[in-house]
>>> print(open('query-v1.pdb').read())   # PDB, C-alpha atoms and all ligand atoms
ATOM      1  CA  MET A   1     133.364 -35.212 120.578  1.00  0.00           C
ATOM      2  CA  LYS A   2     133.139 -38.375 118.503  1.00  0.00           C
ATOM      3  CA  THR A   3     134.183 -38.433 114.860  1.00  0.00           C
ATOM      4  CA  LEU A   4     132.180 -39.957 112.034  1.00  0.00           C
ATOM      5  CA  ALA A   5     134.136 -39.827 108.789  1.00  0.00           C
ATOM      6  CA  VAL A   6     132.571 -40.789 105.469  1.00  0.00           C
ATOM      7  CA  CYS A   7     134.913 -41.692 102.651  1.00  0.00           C
ATOM      8  CA  VAL A   8     134.558 -39.448  99.632  1.00  0.00           C
ATOM      9  CA  GLY A   9     137.334 -41.098  97.646  1.00  0.00           C
ATOM     10  CA  SER A  10     136.638 -41.901  93.999  1.00  0.00           C
ATOM     11  CA  SER A  11     135.126 -45.339  94.521  1.00  0.00           C
ATOM     12  CA  CYS A  12     132.923 -44.354  97.456  1.00  0.00           C
ATOM     13  CA  HIS A  13     131.884 -41.174  95.690  1.00  0.00           C
ATOM     14  CA  LEU A  14     130.693 -43.190  92.700  1.00  0.00           C
ATOM     15  CA  LEU A  15     128.837 -45.586  95.003  1.00  0.00           C
ATOM     16  CA  GLY A  16     126.877 -42.839  96.759  1.00  0.00           C
ATOM     17  CA  SER A  17     128.871 -41.368  99.622  1.00  0.00           C
ATOM     18  CA  TYR A  18     127.232 -37.978  99.044  1.00  0.00           C
ATOM     19  CA  ALA A  19     123.761 -39.429  99.711  1.00  0.00           C
ATOM     20  CA  VAL A  20     125.111 -41.189 102.813  1.00  0.00           C
ATOM     21  CA  ILE A  21     126.532 -37.900 104.114  1.00  0.00           C
ATOM     22  CA  LYS A  22     123.279 -36.037 103.475  1.00  0.00           C
ATOM     23  CA  ARG A  23     121.273 -38.648 105.355  1.00  0.00           C
ATOM     24  CA  LEU A  24     123.732 -38.687 108.262  1.00  0.00           C
ATOM     25  CA  GLN A  25     123.465 -34.891 108.476  1.00  0.00           C
ATOM     26  CA  GLN A  26     119.682 -35.239 108.741  1.00  0.00           C
ATOM     27  CA  LEU A  27     119.877 -37.990 111.362  1.00  0.00           C
ATOM     28  CA  LEU A  28     122.401 -36.112 113.509  1.00  0.00           C
ATOM     29  CA  ALA A  29     120.194 -33.008 113.417  1.00  0.00           C
ATOM     30  CA  GLU A  30     116.994 -34.952 114.144  1.00  0.00           C
ATOM     31  CA  HIS A  31     118.586 -36.546 117.200  1.00  0.00           C
ATOM     32  CA  ARG A  32     120.368 -33.363 118.330  1.00  0.00           C
ATOM     33  CA  LEU A  33     123.787 -34.970 118.115  1.00  0.00           C
ATOM     34  CA  ASN A  34     125.550 -32.205 116.198  1.00  0.00           C
ATOM     35  CA  GLY A  35     127.384 -31.180 119.355  1.00  0.00           C
ATOM     36  CA  GLU A  36     128.424 -34.742 120.150  1.00  0.00           C
ATOM     37  CA  VAL A  37     129.335 -36.245 116.789  1.00  0.00           C
ATOM     38  CA  GLU A  38     131.464 -34.483 114.206  1.00  0.00           C
ATOM     39  CA  LEU A  39     130.626 -35.527 110.646  1.00  0.00           C
ATOM     40  CA  LYS A  40     133.591 -35.299 108.319  1.00  0.00           C
ATOM     41  CA  ALA A  41     134.545 -36.288 104.806  1.00  0.00           C
ATOM     42  CA  SER A  42     137.563 -38.533 104.505  1.00  0.00           C
ATOM     43  CA  PHE A  43     140.020 -39.453 101.812  1.00  0.00           C
ATOM     44  CA  CYS A  44     140.169 -43.114 100.765  1.00  0.00           C
ATOM     45  CA  LEU A  45     139.970 -45.442 103.759  1.00  0.00           C
ATOM     46  CA  GLY A  46     141.467 -48.390 101.876  1.00  0.00           C
ATOM     47  CA  GLN A  47     138.276 -50.421 101.476  1.00  0.00           C
ATOM     48  CA  CYS A  48     137.385 -49.362  97.924  1.00  0.00           C
ATOM     49  CA  GLN A  49     136.073 -52.780  96.882  1.00  0.00           C
ATOM     50  CA  ALA A  50     133.691 -52.954  99.851  1.00  0.00           C
ATOM     51  CA  GLY A  51     131.348 -50.092  99.041  1.00  0.00           C
ATOM     52  CA  VAL A  52     130.896 -46.782 100.800  1.00  0.00           C
ATOM     53  CA  THR A  53     133.092 -46.852 103.881  1.00  0.00           C
ATOM     54  CA  VAL A  54     132.693 -44.966 107.144  1.00  0.00           C
ATOM     55  CA  CYS A  55     135.102 -44.673 110.044  1.00  0.00           C
ATOM     56  CA  TYR A  56     133.368 -44.161 113.381  1.00  0.00           C
ATOM     57  CA  GLU A  57     135.547 -43.860 116.456  1.00  0.00           C
ATOM     58  CA  GLY A  58     138.352 -45.780 114.792  1.00  0.00           C
ATOM     59  CA  THR A  59     136.232 -48.660 113.478  1.00  0.00           C
ATOM     60  CA  LEU A  60     135.579 -49.106 109.756  1.00  0.00           C
ATOM     61  CA  TYR A  61     132.102 -49.943 108.463  1.00  0.00           C
ATOM     62  CA  THR A  62     131.645 -50.853 104.815  1.00  0.00           C
ATOM     63  CA  ALA A  63     128.930 -51.378 102.213  1.00  0.00           C
ATOM     64  CA  LEU A  64     126.876 -48.451 103.463  1.00  0.00           C
ATOM     65  CA  THR A  65     124.163 -47.112 101.219  1.00  0.00           C
ATOM     66  CA  GLU A  66     121.346 -44.624 101.282  1.00  0.00           C
ATOM     67  CA  GLU A  67     119.095 -47.585 102.118  1.00  0.00           C
ATOM     68  CA  ASN A  68     121.025 -49.034 105.059  1.00  0.00           C
ATOM     69  CA  ILE A  69     122.598 -45.923 106.588  1.00  0.00           C
ATOM     70  CA  ASP A  70     119.676 -45.455 108.998  1.00  0.00           C
ATOM     71  CA  ALA A  71     120.264 -48.917 110.458  1.00  0.00           C
ATOM     72  CA  PHE A  72     123.973 -48.169 110.854  1.00  0.00           C
ATOM     73  CA  PHE A  73     123.174 -44.876 112.548  1.00  0.00           C
ATOM     74  CA  TYR A  74     120.723 -46.349 115.027  1.00  0.00           C
ATOM     75  CA  GLN A  75     122.870 -49.363 115.804  1.00  0.00           C
ATOM     76  CA  HIS A  76     126.234 -47.674 116.200  1.00  0.00           C
ATOM     77  CA  VAL A  77     125.932 -43.908 116.541  1.00  0.00           C
ATOM     78  CA  LEU A  78     122.675 -43.391 118.401  1.00  0.00           C
ATOM     79  CA  ALA A  79     123.129 -46.440 120.626  1.00  0.00           C
ATOM     80  CA  GLY A  80     126.521 -45.129 121.737  1.00  0.00           C
ATOM     81  CA  ALA A  81     125.127 -41.646 122.320  1.00  0.00           C
ATOM     82  CA  ASP A  82     122.270 -43.053 124.384  1.00  0.00           C
ATOM     83  CA  GLU A  83     124.707 -45.032 126.518  1.00  0.00           C
ATOM     84  CA  GLU A  84     126.613 -41.821 127.216  1.00  0.00           C
ATOM     85  CA  SER A  85     123.464 -39.781 127.875  1.00  0.00           C
ATOM     86  CA  GLY A  86     122.417 -42.456 130.343  1.00  0.00           C
ATOM     87  CA  ARG A  87     125.579 -41.714 132.269  1.00  0.00           C
ATOM     88  CA  LYS A  88     125.250 -37.938 131.902  1.00  0.00           C
ATOM     89  CA  GLY A  89     121.466 -37.601 132.064  1.00  0.00           C
ATOM     90  CA  LYS A  90     118.904 -37.491 129.296  1.00  0.00           C
ATOM     91  CA  ARG A  91     119.112 -35.045 126.383  1.00  0.00           C
ATOM     92  CA  ASP A  92     116.492 -32.361 125.946  1.00  0.00           C
ATOM     93  CA  GLY A  93     113.424 -33.739 124.240  1.00  0.00           C
ATOM     94  CA  ASP A  94     113.916 -37.300 125.402  1.00  0.00           C
ATOM     95  CA  HIS A  95     110.987 -38.889 127.124  1.00  0.00           C
ATOM     96  CA  LEU A  96     111.538 -39.214 130.828  1.00  0.00           C
ATOM     97  CA  ASP A  97     109.456 -42.344 131.099  1.00  0.00           C
ATOM     98  CA  ASP A  98     111.458 -44.489 128.655  1.00  0.00           C
TER      99      ASP A  98
HETATM  100  S1  LIG A 101     137.454 -44.712  97.923  1.00  0.00           S
HETATM  101 FE1  LIG A 101     136.370 -45.106  99.787  1.00  0.00          FE
HETATM  102  S2  LIG A 101     137.561 -46.678 100.693  1.00  0.00           S
HETATM  103 FE2  LIG A 101     138.707 -46.155  98.929  1.00  0.00          FE
END
>>> encode(input="query-v1.pdb", output="structure tokens")
Amino acid sequence: MKTLAVCVGSSCHLLGSYAVIKRLQQLLAEHRLNGEVELKASFCLGQCQAGVTVCYEGTLYTALTEENIDAFFYQHVLAGADEESGRKGKRDGDHLDD
């Protein structure tokens, strides 16, 4: 299982990490990735000046907001999951003709 950790340290909390977590929960559920990606809260990731910070599979992503979290999700989380499902076969609900 992959790990997606959202910083909930003081700075990130003030900048909206709770809204980022809520949206990621929705996106993971919508794309049926709850069994593949574990969403966790994290203590400070050391990037406090850079905005809400997320660690996904060991890589840090900064300046995430409620407005840009969808783009992050599609670019990094869903794209990686699709690459894996291509190797393992499509997930339920995926179109077979795409
Ligand atoms: S509080 Fe989030 S990186 Fe420090």
>>> residues_near_ligand(input="query-v1.pdb", ligand="ligand LIG 101 (chain A)", cutoff="10 Å", atoms="all atoms listed in the file", output="PyMOL selection string")
chain A and resi 6-15+17+42-55+60+62-63
>>> atom_distance(input="query-v1.pdb", atom1="CA of Arg23 (chain A)", atom2="CA of Glu66 (chain A)")
7.2 Å
>>> closest_residue(input="query-v1.pdb", among="A:Glu38, A:His76, A:Ala19, A:Gln26", to="Tyr61 (chain A)", atoms="all atoms listed in the file")
A:His76
>>> atom_distance(input="query-v1.pdb", atom1="CA of Ala71 (chain A)", atom2="CA of Gly58 (chain A)")
18.9 Å
>>> atom_distance(input="query-v1.pdb", atom1="CA of Gln25 (chain A)", atom2="CA of Thr59 (chain A)")
19.4 Å
>>> axis_aligned_box(input="query-v1.pdb", around="region 12-22 of chain A", padding_each_side="4 Å", output="lines of an AutoDock Vina configuration file")
center_x = 128.1
center_y = -40.8
center_z = 98.4
size_x = 17.6
size_y = 17.5
size_z = 19.4
>>> closest_residue(input="query-v1.pdb", among="A:Gly16, A:Ile21, A:Glu36, A:Ala41", to="Val77 (chain A)", atoms="all atoms listed in the file")
A:Glu36
>>> closest_residue(input="query-v1.pdb", among="A:Leu78, A:Met1, A:Leu64, A:Val20", to="Val37 (chain A)", atoms="all atoms listed in the file")
A:Met1
>>> resolve_selection(input="query-v1.pdb", expression="the PyMOL selection byres (((chain A and resi 33) around 12) and not hetatm)", output="PyMOL selection string")
chain A and resi 1-4+24-32+34-39+73+77-82+84-85+91-92
>>> decode(input="query-v1.pdb", residues="region 16-83 of chain A", atoms="C-alpha atoms", output="mmCIF file, in the first residue's frame")
data_model
loop_
_atom_site.group_PDB
_atom_site.id
_atom_site.type_symbol
_atom_site.label_atom_id
_atom_site.label_comp_id
_atom_site.auth_asym_id
_atom_site.auth_seq_id
_atom_site.Cartn_x
_atom_site.Cartn_y
_atom_site.Cartn_z
ATOM 1 C CA GLY A 16 -5.646 24.644 5.330
ATOM 2 C CA SER A 17 -4.335 21.113 5.718
ATOM 3 C CA TYR A 18 -7.716 19.988 7.066
ATOM 4 C CA ALA A 19 -9.462 21.007 3.824
ATOM 5 C CA VAL A 20 -6.728 19.258 1.822
ATOM 6 C CA ILE A 21 -7.251 16.055 3.822
ATOM 7 C CA LYS A 22 -11.026 16.184 3.377
ATOM 8 C CA ARG A 23 -10.690 16.593 -0.378
ATOM 9 C CA LEU A 24 -8.127 13.788 -0.623
ATOM 10 C CA GLN A 25 -10.500 11.515 1.308
ATOM 11 C CA GLN A 26 -13.216 12.292 -1.246
ATOM 12 C CA LEU A 27 -10.915 11.730 -4.222
ATOM 13 C CA LEU A 28 -9.574 8.427 -2.882
ATOM 14 C CA ALA A 29 -13.133 7.197 -2.308
ATOM 15 C CA GLU A 30 -14.366 8.392 -5.713
ATOM 16 C CA HIS A 31 -11.548 6.534 -7.452
ATOM 17 C CA ARG A 32 -11.762 3.454 -5.206
ATOM 18 C CA LEU A 33 -8.185 3.823 -4.030
ATOM 19 C CA ASN A 34 -8.808 3.408 -0.306
ATOM 20 C CA GLY A 35 -7.302 -0.070 -0.438
ATOM 21 C CA GLU A 36 -4.247 1.106 -2.357
ATOM 22 C CA VAL A 37 -3.359 4.444 -0.791
ATOM 23 C CA GLU A 38 -3.251 5.052 2.941
ATOM 24 C CA LEU A 39 -4.047 8.653 3.870
ATOM 25 C CA LYS A 40 -2.335 9.756 7.050
ATOM 26 C CA ALA A 41 -1.745 12.915 9.027
ATOM 27 C CA SER A 42 1.871 13.800 9.648
ATOM 28 C CA PHE A 43 3.774 15.952 12.072
ATOM 29 C CA CYS A 44 5.801 18.836 10.624
ATOM 30 C CA LEU A 45 7.625 17.818 7.452
ATOM 31 C CA GLY A 46 10.122 20.680 7.678
ATOM 32 C CA GLN A 47 8.712 22.820 4.869
ATOM 33 C CA CYS A 48 6.652 25.230 6.985
ATOM 34 C CA GLN A 49 7.391 28.277 4.826
ATOM 35 C CA ALA A 50 6.241 26.511 1.651
ATOM 36 C CA GLY A 51 2.565 26.018 2.414
ATOM 37 C CA VAL A 52 0.653 22.831 3.077
ATOM 38 C CA THR A 53 3.063 19.960 2.562
ATOM 39 C CA VAL A 54 2.335 16.375 1.572
ATOM 40 C CA CYS A 55 4.666 13.398 1.495
ATOM 41 C CA TYR A 56 3.702 10.813 -1.113
ATOM 42 C CA GLU A 57 5.883 7.740 -1.418
ATOM 43 C CA GLY A 58 8.857 9.570 0.043
ATOM 44 C CA THR A 59 8.591 12.696 -2.119
ATOM 45 C CA LEU A 60 7.559 16.048 -0.643
ATOM 46 C CA TYR A 61 5.041 18.279 -2.417
ATOM 47 C CA THR A 62 4.449 21.794 -1.138
ATOM 48 C CA ALA A 63 2.075 24.730 -1.543
ATOM 49 C CA LEU A 64 -0.981 22.501 -1.747
ATOM 50 C CA THR A 65 -4.361 24.092 -1.271
ATOM 51 C CA GLU A 66 -8.009 23.216 -1.497
ATOM 52 C CA GLU A 67 -7.882 24.704 -5.004
ATOM 53 C CA ASN A 68 -4.907 22.785 -6.396
ATOM 54 C CA ILE A 69 -5.160 19.471 -4.541
ATOM 55 C CA ASP A 70 -7.226 17.898 -7.338
ATOM 56 C CA ALA A 71 -4.444 18.582 -9.840
ATOM 57 C CA PHE A 72 -1.881 17.066 -7.473
ATOM 58 C CA PHE A 73 -4.070 14.013 -6.985
ATOM 59 C CA TYR A 74 -4.621 13.391 -10.676
ATOM 60 C CA GLN A 75 -1.018 14.037 -11.623
ATOM 61 C CA HIS A 76 0.727 12.059 -8.909
ATOM 62 C CA VAL A 77 -1.629 9.710 -7.088
ATOM 63 C CA LEU A 78 -4.101 8.616 -9.739
ATOM 64 C CA ALA A 79 -1.506 8.485 -12.513
ATOM 65 C CA GLY A 80 0.630 6.147 -10.409
ATOM 66 C CA ALA A 81 -2.370 3.993 -9.525
ATOM 67 C CA ASP A 82 -3.365 3.749 -13.179
ATOM 68 C CA GLU A 83 0.148 2.667 -14.126
#
